[in-house]
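Shown here: start-v1.cif, mmCIF, N, CA and C atoms.
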```cif
data_model
#
loop_
_atom_site.group_PDB
_atom_site.id
_atom_site.type_symbol
_atom_site.label_atom_id
_atom_site.label_comp_id
_atom_site.auth_asym_id
_atom_site.auth_seq_id
_atom_site.Cartn_x
_atom_site.Cartn_y
_atom_site.Cartn_z
ATOM 1 N N MET A 247 95.513 108.906 119.744
ATOM 2 C CA MET A 247 96.673 108.495 118.964
ATOM 3 C C MET A 247 96.206 107.705 117.742
ATOM 4 N N ASN A 248 96.838 107.938 116.618
ATOM 5 C CA ASN A 248 96.495 107.245 115.391
ATOM 6 C C ASN A 248 97.156 105.866 115.380
ATOM 7 N N THR A 249 96.357 104.817 115.335
ATOM 8 C CA THR A 249 96.892 103.450 115.391
ATOM 9 C C THR A 249 96.832 102.750 114.047
ATOM 10 N N GLU A 250 96.654 103.514 112.982
ATOM 11 C CA GLU A 250 96.528 102.917 111.646
ATOM 12 C C GLU A 250 97.769 102.100 111.274
ATOM 13 N N LEU A 251 98.944 102.637 111.539
ATOM 14 C CA LEU A 251 100.191 101.917 111.232
ATOM 15 C C LEU A 251 100.252 100.606 112.008
ATOM 16 N N TYR A 252 99.887 100.645 113.268
ATOM 17 C CA TYR A 252 99.956 99.441 114.093
ATOM 18 C C TYR A 252 98.942 98.400 113.640
ATOM 19 N N ARG A 253 97.793 98.844 113.159
ATOM 20 C CA ARG A 253 96.797 97.898 112.644
ATOM 21 C C ARG A 253 97.318 97.178 111.397
ATOM 22 N N LYS A 254 98.125 97.870 110.619
ATOM 23 C CA LYS A 254 98.693 97.241 109.423
ATOM 24 C C LYS A 254 99.785 96.220 109.773
ATOM 25 N N LEU A 255 100.348 96.343 110.956
ATOM 26 C CA LEU A 255 101.426 95.456 111.369
ATOM 27 C C LEU A 255 100.968 94.277 112.213
ATOM 28 N N VAL A 256 99.663 94.154 112.436
ATOM 29 C CA VAL A 256 99.155 93.100 113.310
ATOM 30 C C VAL A 256 99.519 91.715 112.793
ATOM 31 N N ASP A 257 99.445 91.489 111.486
ATOM 32 C CA ASP A 257 99.768 90.159 110.966
ATOM 33 C C ASP A 257 101.241 89.818 111.178
ATOM 34 N N MET A 258 102.122 90.800 111.041
ATOM 35 C CA MET A 258 103.538 90.553 111.296
ATOM 36 C C MET A 258 103.782 90.341 112.792
ATOM 37 N N TYR A 259 103.027 91.030 113.623
ATOM 38 C CA TYR A 259 103.110 90.832 115.064
ATOM 39 C C TYR A 259 102.721 89.395 115.412
ATOM 40 N N ALA A 260 101.658 88.919 114.800
ATOM 41 C CA ALA A 260 101.168 87.573 115.084
ATOM 42 C C ALA A 260 102.189 86.512 114.692
ATOM 43 N N GLU A 261 102.930 86.756 113.625
ATOM 44 C CA GLU A 261 103.933 85.803 113.158
ATOM 45 C C GLU A 261 105.282 85.974 113.854
ATOM 46 N N ARG A 262 105.369 86.988 114.736
ATOM 47 C CA ARG A 262 106.615 87.308 115.446
ATOM 48 C C ARG A 262 107.731 87.678 114.469
ATOM 49 N N GLU A 263 107.369 88.462 113.456
ATOM 50 C CA GLU A 263 108.328 88.902 112.442
ATOM 51 C C GLU A 263 108.845 90.313 112.694
ATOM 52 N N LEU A 264 108.336 90.986 113.713
ATOM 53 C CA LEU A 264 108.743 92.365 113.994
ATOM 54 C C LEU A 264 109.951 92.390 114.927
ATOM 55 N N PRO A 265 110.768 93.441 114.826
ATOM 56 C CA PRO A 265 111.852 93.601 115.797
ATOM 57 C C PRO A 265 111.279 93.774 117.210
ATOM 58 N N ALA A 266 112.051 93.420 118.205
ATOM 59 C CA ALA A 266 111.583 93.465 119.596
ATOM 60 C C ALA A 266 111.139 94.859 120.005
ATOM 61 N N GLU A 267 111.855 95.891 119.542
ATOM 62 C CA GLU A 267 111.500 97.263 119.912
ATOM 63 C C GLU A 267 110.112 97.625 119.390
ATOM 64 N N LEU A 268 109.848 97.273 118.141
ATOM 65 C CA LEU A 268 108.545 97.601 117.545
ATOM 66 C C LEU A 268 107.430 96.783 118.192
ATOM 67 N N GLU A 269 107.736 95.549 118.515
ATOM 68 C CA GLU A 269 106.744 94.706 119.172
ATOM 69 C C GLU A 269 106.394 95.279 120.553
ATOM 70 N N ASP A 270 107.402 95.745 121.276
ATOM 71 C CA ASP A 270 107.157 96.375 122.576
ATOM 72 C C ASP A 270 106.331 97.648 122.421
ATOM 73 N N GLN A 271 106.635 98.410 121.375
ATOM 74 C CA GLN A 271 105.892 99.649 121.111
ATOM 75 C C GLN A 271 104.428 99.333 120.796
ATOM 76 N N MET A 272 104.206 98.270 120.036
ATOM 77 C CA MET A 272 102.831 97.871 119.725
ATOM 78 C C MET A 272 102.085 97.453 120.992
ATOM 79 N N ASP A 273 102.772 96.760 121.892
ATOM 80 C CA ASP A 273 102.138 96.361 123.149
ATOM 81 C C ASP A 273 101.736 97.587 123.970
ATOM 82 N N LEU A 274 102.579 98.610 123.970
ATOM 83 C CA LEU A 274 102.259 99.840 124.704
ATOM 84 C C LEU A 274 101.045 100.545 124.107
ATOM 85 N N VAL A 275 101.002 100.620 122.787
ATOM 86 C CA VAL A 275 99.876 101.274 122.119
ATOM 87 C C VAL A 275 98.595 100.464 122.339
ATOM 88 N N ALA A 276 98.733 99.145 122.357
ATOM 89 C CA ALA A 276 97.560 98.284 122.538
ATOM 90 C C ALA A 276 96.944 98.442 123.923
ATOM 91 N N GLU A 277 97.723 98.905 124.886
ATOM 92 C CA GLU A 277 97.173 99.129 126.226
ATOM 93 C C GLU A 277 96.106 100.220 126.227
ATOM 94 N N THR A 278 96.201 101.152 125.280
ATOM 95 C CA THR A 278 95.222 102.241 125.210
ATOM 96 C C THR A 278 94.129 101.980 124.177
ATOM 97 N N ASP A 279 94.292 100.962 123.341
ATOM 98 C CA ASP A 279 93.312 100.653 122.289
ATOM 99 C C ASP A 279 92.866 99.200 122.453
ATOM 100 N N ALA A 280 91.702 99.006 123.026
ATOM 101 C CA ALA A 280 91.214 97.652 123.325
ATOM 102 C C ALA A 280 91.003 96.817 122.066
ATOM 103 N N GLU A 281 90.525 97.446 120.998
ATOM 104 C CA GLU A 281 90.276 96.699 119.755
ATOM 105 C C GLU A 281 91.586 96.208 119.149
ATOM 106 N N LEU A 282 92.601 97.057 119.141
ATOM 107 C CA LEU A 282 93.913 96.660 118.633
ATOM 108 C C LEU A 282 94.480 95.526 119.474
ATOM 109 N N LYS A 283 94.356 95.635 120.774
ATOM 110 C CA LYS A 283 94.869 94.603 121.672
ATOM 111 C C LYS A 283 94.183 93.270 121.413
ATOM 112 N N ARG A 284 92.853 93.314 121.249
ATOM 113 C CA ARG A 284 92.099 92.090 120.973
ATOM 114 C C ARG A 284 92.544 91.465 119.656
ATOM 115 N N ASP A 285 92.701 92.282 118.617
ATOM 116 C CA ASP A 285 93.134 91.774 117.314
ATOM 117 C C ASP A 285 94.523 91.149 117.385
ATOM 118 N N MET A 286 95.428 91.846 118.081
ATOM 119 C CA MET A 286 96.803 91.349 118.181
ATOM 120 C C MET A 286 96.854 89.998 118.871
ATOM 121 N N HIS A 287 96.167 89.882 119.990
ATOM 122 C CA HIS A 287 96.242 88.646 120.765
ATOM 123 C C HIS A 287 95.449 87.513 120.142
ATOM 124 N N SER A 288 94.308 87.817 119.548
ATOM 125 C CA SER A 288 93.533 86.737 118.930
ATOM 126 C C SER A 288 94.248 86.189 117.692
ATOM 127 N N LEU A 289 94.843 87.075 116.904
ATOM 128 C CA LEU A 289 95.554 86.601 115.714
ATOM 129 C C LEU A 289 96.813 85.835 116.102
ATOM 130 N N ARG A 290 97.522 86.306 117.111
ATOM 131 C CA ARG A 290 98.723 85.581 117.555
ATOM 132 C C ARG A 290 98.339 84.203 118.093
ATOM 133 N N ASN A 291 97.247 84.120 118.862
ATOM 134 C CA ASN A 291 96.804 82.816 119.374
ATOM 135 C C ASN A 291 96.410 81.886 118.235
ATOM 136 N N THR A 292 95.763 82.434 117.207
ATOM 137 C CA THR A 292 95.377 81.628 116.050
ATOM 138 C C THR A 292 96.595 81.106 115.313
ATOM 139 N N VAL A 293 97.580 81.968 115.088
ATOM 140 C CA VAL A 293 98.809 81.551 114.396
ATOM 141 C C VAL A 293 99.530 80.485 115.201
ATOM 142 N N ASP A 294 99.632 80.675 116.511
ATOM 143 C CA ASP A 294 100.293 79.679 117.357
ATOM 144 C C ASP A 294 99.574 78.336 117.310
ATOM 145 N N ALA A 295 98.243 78.378 117.318
ATOM 146 C CA ALA A 295 97.469 77.138 117.258
ATOM 147 C C ALA A 295 97.667 76.420 115.926
ATOM 148 N N LEU A 296 97.707 77.184 114.846
ATOM 149 C CA LEU A 296 97.907 76.568 113.529
ATOM 150 C C LEU A 296 99.307 75.989 113.382
ATOM 151 N N LYS A 297 100.284 76.645 113.973
ATOM 152 C CA LYS A 297 101.658 76.122 113.902
ATOM 153 C C LYS A 297 101.826 74.868 114.746
ATOM 154 N N ALA A 298 101.000 74.720 115.769
ATOM 155 C CA ALA A 298 101.097 73.556 116.644
ATOM 156 C C ALA A 298 100.519 72.297 115.995
ATOM 157 N N VAL A 299 99.641 72.463 115.014
ATOM 158 C CA VAL A 299 99.026 71.320 114.340
ATOM 159 C C VAL A 299 100.028 70.750 113.334
ATOM 160 N N PRO A 300 100.293 69.442 113.411
ATOM 161 C CA PRO A 300 101.231 68.857 112.448
ATOM 162 C C PRO A 300 100.648 68.897 111.033
ATOM 163 N N SER A 301 101.473 69.265 110.088
ATOM 164 C CA SER A 301 101.028 69.377 108.704
ATOM 165 C C SER A 301 101.246 68.059 107.973
ATOM 166 N N GLU A 302 100.181 67.578 107.362
ATOM 167 C CA GLU A 302 100.264 66.345 106.591
ATOM 168 C C GLU A 302 99.857 66.599 105.143
ATOM 169 N N PHE A 303 100.095 67.795 104.663
ATOM 170 C CA PHE A 303 99.729 68.151 103.298
ATOM 171 C C PHE A 303 100.824 67.659 102.360
ATOM 172 N N THR A 304 100.495 66.688 101.537
ATOM 173 C CA THR A 304 101.471 66.075 100.633
ATOM 174 C C THR A 304 101.075 66.361 99.190
ATOM 175 N N GLU A 305 101.879 65.871 98.278
ATOM 176 C CA GLU A 305 101.578 66.002 96.852
ATOM 177 C C GLU A 305 100.280 65.267 96.526
ATOM 178 N N GLU A 306 100.057 64.158 97.189
ATOM 179 C CA GLU A 306 98.811 63.412 96.984
ATOM 180 C C GLU A 306 97.601 64.239 97.417
ATOM 181 N N SER A 307 97.719 64.954 98.528
ATOM 182 C CA SER A 307 96.642 65.821 98.990
ATOM 183 C C SER A 307 96.376 66.917 97.968
ATOM 184 N N TYR A 308 97.442 67.505 97.442
ATOM 185 C CA TYR A 308 97.310 68.555 96.438
ATOM 186 C C TYR A 308 96.577 68.036 95.207
ATOM 187 N N GLN A 309 96.954 66.859 94.726
ATOM 188 C CA GLN A 309 96.313 66.286 93.541
ATOM 189 C C GLN A 309 94.851 65.951 93.804
ATOM 190 N N ARG A 310 94.543 65.453 94.991
ATOM 191 C CA ARG A 310 93.163 65.118 95.334
ATOM 192 C C ARG A 310 92.291 66.370 95.338
ATOM 193 N N ILE A 311 92.805 67.465 95.897
ATOM 194 C CA ILE A 311 92.065 68.731 95.906
ATOM 195 C C ILE A 311 91.884 69.249 94.495
ATOM 196 N N LEU A 312 92.930 69.158 93.685
ATOM 197 C CA LEU A 312 92.859 69.623 92.305
ATOM 198 C C LEU A 312 91.826 68.841 91.506
ATOM 199 N N ILE A 313 91.771 67.542 91.690
ATOM 200 C CA ILE A 313 90.793 66.708 90.985
ATOM 201 C C ILE A 313 89.372 67.082 91.399
ATOM 202 N N LYS A 314 89.160 67.358 92.697
ATOM 203 C CA LYS A 314 87.833 67.778 93.153
ATOM 204 C C LYS A 314 87.449 69.129 92.563
ATOM 205 N N LEU A 315 88.414 70.038 92.466
ATOM 206 C CA LEU A 315 88.131 71.334 91.850
ATOM 207 C C LEU A 315 87.738 71.172 90.387
ATOM 208 N N TYR A 316 88.462 70.340 89.675
ATOM 209 C CA TYR A 316 88.133 70.104 88.270
ATOM 210 C C TYR A 316 86.744 69.480 88.131
ATOM 211 N N ALA A 317 86.407 68.567 89.015
ATOM 212 C CA ALA A 317 85.118 67.885 88.931
ATOM 213 C C ALA A 317 83.949 68.830 89.225
ATOM 214 N N HIS A 318 84.127 69.726 90.170
ATOM 215 C CA HIS A 318 83.030 70.608 90.558
ATOM 216 C C HIS A 318 82.995 71.923 89.797
ATOM 217 N N ALA A 319 84.134 72.397 89.363
ATOM 218 C CA ALA A 319 84.179 73.723 88.751
ATOM 219 C C ALA A 319 84.476 73.677 87.260
ATOM 220 N N GLY A 320 84.682 72.519 86.720
ATOM 221 C CA GLY A 320 85.036 72.455 85.310
ATOM 222 C C GLY A 320 86.520 72.701 85.132
ATOM 223 N N ALA A 321 86.907 73.001 83.933
ATOM 224 C CA ALA A 321 88.323 73.224 83.637
ATOM 225 C C ALA A 321 88.781 74.546 84.237
ATOM 226 N N ILE A 322 89.874 74.490 84.946
ATOM 227 C CA ILE A 322 90.457 75.701 85.515
ATOM 228 C C ILE A 322 91.626 76.095 84.630
ATOM 229 N N ASP A 323 91.496 77.226 84.002
ATOM 230 C CA ASP A 323 92.543 77.704 83.110
ATOM 231 C C ASP A 323 93.503 78.572 83.904
ATOM 232 N N THR A 324 94.756 78.149 83.988
ATOM 233 C CA THR A 324 95.716 78.887 84.800
ATOM 234 C C THR A 324 96.348 80.043 84.043
ATOM 235 N N GLN A 325 96.152 80.116 82.740
ATOM 236 C CA GLN A 325 96.708 81.211 81.964
ATOM 237 C C GLN A 325 95.572 82.058 81.400
ATOM 238 N N ALA A 326 95.820 83.327 81.341
ATOM 239 C CA ALA A 326 94.832 84.233 80.762
ATOM 240 C C ALA A 326 94.827 84.036 79.243
ATOM 241 N N PRO A 327 93.665 84.139 78.628
ATOM 242 C CA PRO A 327 93.610 84.019 77.174
ATOM 243 C C PRO A 327 94.355 85.178 76.513
ATOM 244 N N THR A 328 94.805 84.931 75.302
ATOM 245 C CA THR A 328 95.521 85.963 74.558
ATOM 246 C C THR A 328 94.565 87.103 74.236
ATOM 247 N N PRO A 329 94.941 88.318 74.584
ATOM 248 C CA PRO A 329 94.065 89.460 74.300
ATOM 249 C C PRO A 329 93.847 89.633 72.797
ATOM 250 N N LYS A 330 92.685 90.104 72.459
ATOM 251 C CA LYS A 330 92.329 90.279 71.045
ATOM 252 C C LYS A 330 93.205 91.325 70.363
ATOM 253 N N HIS A 331 93.709 92.311 71.108
ATOM 254 C CA HIS A 331 94.489 93.362 70.450
ATOM 255 C C HIS A 331 95.846 92.853 69.972
ATOM 256 N N PHE A 332 96.246 91.622 70.376
ATOM 257 C CA PHE A 332 97.489 91.045 69.870
ATOM 258 C C PHE A 332 97.264 90.345 68.533
ATOM 259 N N GLN A 333 96.025 90.283 68.050
ATOM 260 C CA GLN A 333 95.717 89.535 66.849
ATOM 261 C C GLN A 333 95.427 90.418 65.641
ATOM 262 N N TYR A 334 95.752 91.688 65.718
ATOM 263 C CA TYR A 334 95.526 92.580 64.581
ATOM 264 C C TYR A 334 96.456 92.202 63.428
ATOM 265 N N GLN A 335 95.889 92.266 62.235
ATOM 266 C CA GLN A 335 96.681 92.005 61.036
ATOM 267 C C GLN A 335 97.223 93.343 60.534
ATOM 268 N N LEU A 336 98.512 93.452 60.434
ATOM 269 C CA LEU A 336 99.112 94.676 59.947
ATOM 270 C C LEU A 336 99.240 94.620 58.420
ATOM 271 N N PRO A 337 99.000 95.743 57.734
ATOM 272 C CA PRO A 337 99.144 95.727 56.283
ATOM 273 C C PRO A 337 100.622 95.619 55.891
ATOM 274 N N ILE A 338 100.850 94.894 54.857
ATOM 275 C CA ILE A 338 102.241 94.734 54.370
ATOM 276 C C ILE A 338 102.500 95.823 53.359
ATOM 277 N N GLN A 339 103.550 96.568 53.588
ATOM 278 C CA GLN A 339 103.905 97.644 52.676
ATOM 279 C C GLN A 339 105.154 97.215 51.907
ATOM 280 N N GLY A 340 105.123 97.403 50.613
ATOM 281 C CA GLY A 340 106.247 96.922 49.853
ATOM 282 C C GLY A 340 106.731 97.799 48.814
#
```

structure tokens encoding of this file:
Amino acid sequence: MNTELYRKLVDMYAERELPAELEDQMDLVAETDAELKRDMHSLRNTVDALKAVPSEFTEESYQRILIKLYAHAGAIDTQAPTPKHFQYQLPIQG
């Protein structure tokens, strides 16, 4: 059986975002595919563990990380530079 579709849905399975019918279908398919079953359960366990950890990420944390990035990586430009083809001078016809 081709499990390519189910492999693409593993992340949604881990987050419990799939309808119950599809989740049950994935469990049935996983019974015949050990690798798919391992991926599904390990990712779901990881997501559950991460959700159980209290989040203390604040604006101060964001600024501290940003300052460290600037210090180690130099200036981070969030906008792409203007492409050169936008700077052509057009002749004026009169």

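Between atom CA of A:Leu274 and atom CA of A:Asn248 there is a distance of 13.2 Å.
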
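In this model, the gap between atom C of A:Ser288 and atom CA of A:Tyr259 comes to 10.3 Å.
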
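Proximity ranking of A:Val293, A:Leu282, A:His318, A:Gln339 relative to A:Glu261 places A:Val293 first, based on only N, CA and C atoms.
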
For this session: Using DSSP on the backbone coordinates, identify all residues within chain A classified as alpha helix (DSSP H); present the result as a PyMOL selection string.
Result: chain A and resi 250-254+256-260+266-276+280-298+305-319

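For the pair atom CA of A:Val256 and atom CA of A:Lys283, the separation is 9.5 Å.
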